[in-house]
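Following: one structure in structure tokens, then a few remarks.
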Amino acid sequence: MNDVIDTSSSNVVSFSAPRSAAGLTNPLKQASLKTHAPSGLPAGFTLIEQNIYAVETDEDGNDVETHICSGLEVVGLCRSKEGRWGHVLHITDPDGVVHLVVLEAAQLVGTPANILKPLVEKGLWVAHGTIVKKHLVNLLQQWKPEARFERTRVLGWIDESFDTFAFADGTSVGKKSIVLDQHLNSVGKAMCARGSLEAWRETVARPCMGNPLMILALSQAFVGPLLGPLEMDGGGFHLLGTSSRGKSTLLGLAASVWGAPQFVQSWRATDNALEDVASTCSSALLALDEMHQVLPKIAGDIVYMLANGRGKQRMSSKGSSSGNSWRVAVLSSGEISLEDHMMSGNKTVQAGQEIRLLGISAVDRKFGAFDNLHGEANPRIFSEKLKAATSANYGHAGRCFVQSVIGKVGEVEPFEGFMNKFVDSVVADRDMQVEGQALRALKKFAVLALAGELATKYGITGWDSGTALAAAKEMFGLWLDSRDTASKTEVKACCELTREWLIANQDELKPVGTGKAGEVVGWRDQNWFYFSPAGWAAIHGHDGAQTAARLHDAAGLLRSNSGPTLQWKMPRNSPGRPKVYAVGTVRRHIKWDIRAA
């Protein structure tokens with residue numbers, strides 16, 4: 001496979017990449033009335049000066065032409081996966097604008113009024129008279145071009161073959177010709193293009209050089225098309241910090257990969273509304289500004305929903321269950337973290353929520369969110385210049401990225417190899433514990449690095465090779481340090497202290513169901529050692545007991561109920577069912593068998 005990640009060097013193989021969004025297909029551009037030959041019409045009709053006429057023969061054998069309607073063309077037939085057929089029409093309105101209309105095949109057996117209504121609404125002019133309308137219906141029923149379109153409601157990758165990508169403006173890239181079977185919301189309308197890729201590269205992407213946070217934001221924008229092929233859940237990053245420090249500028253940078261500035265959405269929406277927005281942004285980017293505008297009591301649930309990629313199941317009028325689905329890369333901003341926001345509503349953040357939306361400080365760089373102002377006098381001027389650039393040029397980079405990657409996502413082994421090398425490198429450099437939440441977070445940075453490096457090698461960003469890789473490593477370190485995460489050495493040392501005590505003293509642990517709480521150090525069965533709080537403190541000290549529990553949990557050794565103490569409530573056959581620290585006799589994932597001691 002060509003033009004993919006080189007797993008031997010953690011870089012991408014160089015190749016000559018497309019410099020524009022050429023190759024996009026659009027039913028509105030695949031046929032034109034201006035070039036349409038009259039022979040394409042069914043027998044008995046003709047095209048004269050962009051108007052359609054019915055042709056009949058009078059008693060004398062002369063052709064009589066009857067004006068039926070203004071510019072109209074059936075460019076193909078479409079079919080949904082459920083087998084619902086339709087006609088794909090182009091209608092030219094009085095202003096010369098061409099509209100795409102899908103006319104249900106079932107409608108063609110209805111009354112002329114019901115058939116023509118959706119066409120007239122788009123600007124089709126129809127001559128008066130019952131006979132004229134019958135001619136027009138007859139024309140639509142007979143006009144069946146060879147072109148076929150797949151009718152889909154899914155945006156992004158339309159199926160798991162990953163060979164066709166649909167954009168919300170009706171364009172697509174790939175093997176299949178598609179027609180969208182849905183009405184666009186505001187974010188869909190903003191998923192459009194303006195300016196040029198070349199101007200975007202120079203005025204938006206290149207100023208990111210020397211600015212790791214900007215590189216993170218722009219790289220995250222390219223992650224979406226990789227999630228499906230890599231079978232990864234969505235989610236992403238939450239940029240947090242005080243206002244007027246550059247967070248919104250970072251969101252605008254990322255949004256410009258896919259569309260206009262209005263592509264950035266607000267957190268101030270119901271979960272139902274965000275379902276609709278997420279499905280529109282599937283396989284792309286969901287940019288959400290100002291987290292404080294969403295209710296704290298539902299913020300965590302929304303984070304789960306966005307990352308898991310499935311909305312609420314709803315019953316249709318026919319009794320079937322349906323719901324939106326998506327895979328979307330998320331970039332969010334807010335003045336406070338997800339945890340603090342949820343706590344303001346008396347809600348506790350769960351580890352799974354936090355990992356799905358990783359908090360990154362966006363105010364601690366040299367100039368707020370920036371490190372290098374590229375010659376500008378202050379960060380305000382630099383930010384305003386970037387905003388002007390993203391308002392003038394947008395929407396091309398995402399299309400070019402999809403066009404470049406579309407033939408390669410079917411074989412993801414080189415992509416996975418790059419990510420594995422990234423993870424191994426960071427684990428070694430930072431002496432990390434390789435299990436738990438930190439590893440899940442690290443994989444999000446790995447796919448971010450992959451996306452940024454691919455976009456660079458496809459000639460989209462203009463960055464030097466390795467730029468996205470270095471920024472991802474730096475930003476992961478920033479996130480890890482903010483969590484005060486223990487190193488692998490600390491975990492190993494703490495667990496070894498427990499192991500040494502067990503080797504020398506495990507006979508002090510009584511069989512489960514014997515001995516009274518407060519009179520014994522703890523209990524044991526075949527799979528677990530149960531330490532009383534006093535017994536645990538005797539090993540690790542009163543001040544170090546909680547830290548020791550956390551380190552054992554990081555090692556995959558601890559069994560606990562939900563709650564901050566990391567303790568376990570003994571089973572019913574234990575008198576009084578005391579709370580204990582439960583340590584496994586065999587360490588999960590890594591060989592450490594106390595029973596062999």
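The chains in the structure tokens are called A, B, ... from first to last as shown; in each chain the residues are counted from 1, and the ligands are counted from 1 in the order shown.
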Subject >> All alpha helix (DSSP H) positions in range 74-191 of chain A, as an MDAnalysis selection string >> reply: chainID A and resid 112:121 130:142 186:190
So that I have them on file, write out the residues from the current selection with C-alpha atoms, as an mmCIF file, in the first residue's frame.
```cif
data_model
loop_
_atom_site.group_PDB
_atom_site.id
_atom_site.type_symbol
_atom_site.label_atom_id
_atom_site.label_comp_id
_atom_site.auth_asym_id
_atom_site.auth_seq_id
_atom_site.Cartn_x
_atom_site.Cartn_y
_atom_site.Cartn_z
ATOM 1 C CA PRO A 112 -50.623 15.672 -10.752
ATOM 2 C CA ALA A 113 -50.994 18.324 -8.030
ATOM 3 C CA ASN A 114 -49.169 16.219 -5.419
ATOM 4 C CA ILE A 115 -46.463 15.266 -7.912
ATOM 5 C CA LEU A 116 -45.766 18.817 -9.051
ATOM 6 C CA LYS A 117 -45.990 20.615 -5.709
ATOM 7 C CA PRO A 118 -42.384 19.924 -4.508
ATOM 8 C CA LEU A 119 -41.084 20.898 -7.958
ATOM 9 C CA VAL A 120 -42.961 24.168 -8.134
ATOM 10 C CA GLU A 121 -41.747 25.011 -4.629
ATOM 11 C CA THR A 130 -54.938 19.929 -17.293
ATOM 12 C CA ILE A 131 -53.475 18.414 -20.475
ATOM 13 C CA VAL A 132 -50.149 20.174 -19.853
ATOM 14 C CA LYS A 133 -49.890 18.758 -16.362
ATOM 15 C CA LYS A 134 -50.647 15.259 -17.644
ATOM 16 C CA HIS A 135 -47.861 15.677 -20.200
ATOM 17 C CA LEU A 136 -45.432 16.651 -17.418
ATOM 18 C CA VAL A 137 -46.377 13.690 -15.251
ATOM 19 C CA ASN A 138 -46.001 11.414 -18.275
ATOM 20 C CA LEU A 139 -42.550 12.906 -18.901
ATOM 21 C CA LEU A 140 -41.411 12.197 -15.327
ATOM 22 C CA GLN A 141 -42.754 8.652 -15.394
ATOM 23 C CA GLN A 142 -40.946 7.817 -18.655
ATOM 24 C CA SER A 186 -27.396 25.056 10.542
ATOM 25 C CA VAL A 187 -24.109 23.217 11.067
ATOM 26 C CA GLY A 188 -24.669 21.297 7.840
ATOM 27 C CA LYS A 189 -25.125 24.517 5.908
ATOM 28 C CA ALA A 190 -21.868 25.811 7.415
#
```
Original post:
Skipping near chain neighbours, those fewer than 4 positions away, what residues fall within 8 Å of Leu338 in chain A using only C-alpha atoms, listed as number ranges by chain?
Top reply: A: 291, 299-300, 342, 349, 354, 359
**OP:** Would you list the contacts of Tyr458 in chain A as a list in words, taking every protein, DNA or RNA residue within 7 Å and counting only C-alpha atoms, but skipping same-chain residues closer than 2 positions in sequence?
**Re:** Ala17, Ser404, Leu454, Ala455, Thr456 and Ile460 of chain A
Original post:
If you count only C-alpha atoms, which residues fall within 12 Å of Thr280 in chain A, apart from same-chain ones fewer than 2 positions away, as a ChimeraX atom specification?
Top reply: /A:153-158,166-170,180,182-191,258,263,265,273-278,282-286,309,324-328
Can I get the selected residues back with C-alpha atoms, as a compact mmCIF listing (two decimals), in the first residue's frame?
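Result file result17.txt:
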```
# COMPACT_ATOMS: atom_id res chain seq x y z
CA ARG A 153 -29.11 9.81 5.37
CA VAL A 154 -25.61 9.11 6.68
CA LEU A 155 -22.97 11.81 6.47
CA GLY A 156 -19.24 11.13 6.56
CA TRP A 157 -18.43 7.52 5.67
CA ILE A 158 -21.74 6.25 4.36
CA ALA A 166 -20.59 12.36 1.99
CA PHE A 167 -20.37 16.04 2.91
CA ALA A 168 -23.29 17.98 4.26
CA ASP A 169 -23.41 20.28 1.22
CA GLY A 170 -24.31 17.31 -1.00
CA LEU A 180 -28.52 13.02 0.54
CA GLN A 182 -32.19 14.61 4.67
CA HIS A 183 -32.68 18.29 5.38
CA LEU A 184 -29.59 20.13 6.54
CA ASN A 185 -29.42 21.91 9.90
CA SER A 186 -27.40 25.06 10.54
CA VAL A 187 -24.11 23.22 11.07
CA GLY A 188 -24.67 21.30 7.84
CA LYS A 189 -25.12 24.52 5.91
CA ALA A 190 -21.87 25.81 7.42
CA MET A 191 -20.00 22.74 6.13
CA TRP A 258 -14.42 21.60 7.43
CA PHE A 263 -19.40 25.50 11.93
CA GLN A 265 -21.52 25.25 17.69
CA ALA A 273 -30.31 18.98 19.47
CA LEU A 274 -26.70 17.90 19.91
CA GLU A 275 -27.61 14.46 18.58
CA ASP A 276 -28.67 16.08 15.33
CA VAL A 277 -25.51 18.20 15.19
CA ALA A 278 -23.25 15.21 15.97
CA SER A 282 -20.05 12.33 11.67
CA SER A 283 -16.54 11.30 10.55
CA ALA A 284 -15.54 14.96 10.84
CA LEU A 285 -15.19 17.49 13.68
CA LEU A 286 -17.66 18.68 16.30
CA GLY A 309 -21.77 7.75 19.01
CA ASN A 324 -28.96 8.77 15.20
CA SER A 325 -25.45 7.37 15.18
CA TRP A 326 -22.04 8.90 14.49
CA ARG A 327 -18.31 8.82 15.10
CA VAL A 328 -17.06 12.32 15.70
```
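The closest residue to Glu335 in chain A, picked from A:Pro575, A:Pro212, A:Pro533, A:Gly241 and counting only C-alpha atoms, is A:Gly241.
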Residue list (strand (DSSP E), DSSP) for range 310-399 of chain A, as a compact mmCIF listing (two decimals) with C-alpha atoms, in the first residue's frame:
```
# COMPACT_ATOMS: atom_id res chain seq x y z
CA ARG A 314 -37.14 6.47 19.30
CA MET A 315 -40.22 4.68 18.02
CA SER A 321 -37.00 1.79 16.62
CA SER A 322 -34.51 4.26 15.22
CA ALA A 329 -13.86 14.00 16.87
CA VAL A 330 -14.71 16.62 19.52
CA LEU A 331 -12.95 19.87 20.32
CA SER A 332 -14.54 21.85 23.14
CA SER A 333 -13.79 24.99 25.12
CA GLY A 334 -14.84 26.48 28.43
CA LEU A 357 -13.09 14.60 26.89
CA LEU A 358 -9.56 15.34 28.07
CA GLY A 359 -9.02 18.72 29.70
CA ILE A 360 -6.08 20.77 28.36
CA SER A 361 -5.13 24.16 29.78
```
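Considering only C-alpha atoms, the residue among A:His87, A:Arg79, A:Arg550, A:Arg572 positioned nearest to Val512 in chain A is A:Arg572.
Taking only C-alpha atoms into account, Glu231 in chain A lies nearest to A:Val412 out of the set A:Met343, A:Ala389, A:Val412, A:Ala54.
For the atom pair formed by CA of Ala369 in chain A and CA of Lys387 in chain A, the distance is 14.3 Å, given to one decimal.
Within 7 Å of range 372-386 of chain A there are Val204, Pro207, Gly210, Asn211, Gly246, Thr249 and Phe367 of chain A, counting only C-alpha atoms and ignoring same-chain residues fewer than 5 positions away.
Look at Gln220 in chain A: the protein and nucleic acid residues within 8 Å of it, using only C-alpha atoms and passing over chain neighbours fewer than 2 places away, are Leu216, Ala217, Leu218, Phe222, Val223, Gly224, Gly236, Ala254, Leu285, Ala329, Val330, Leu331, Leu448, Ala451 and Gly452 of chain A.
Minimum atom-to-atom distances from A:Asp481, A:Asp464, A:Glu150, A:Glu496 to His540 in chain A were compared using only C-alpha atoms, and the lowest value belongs to A:Glu496.
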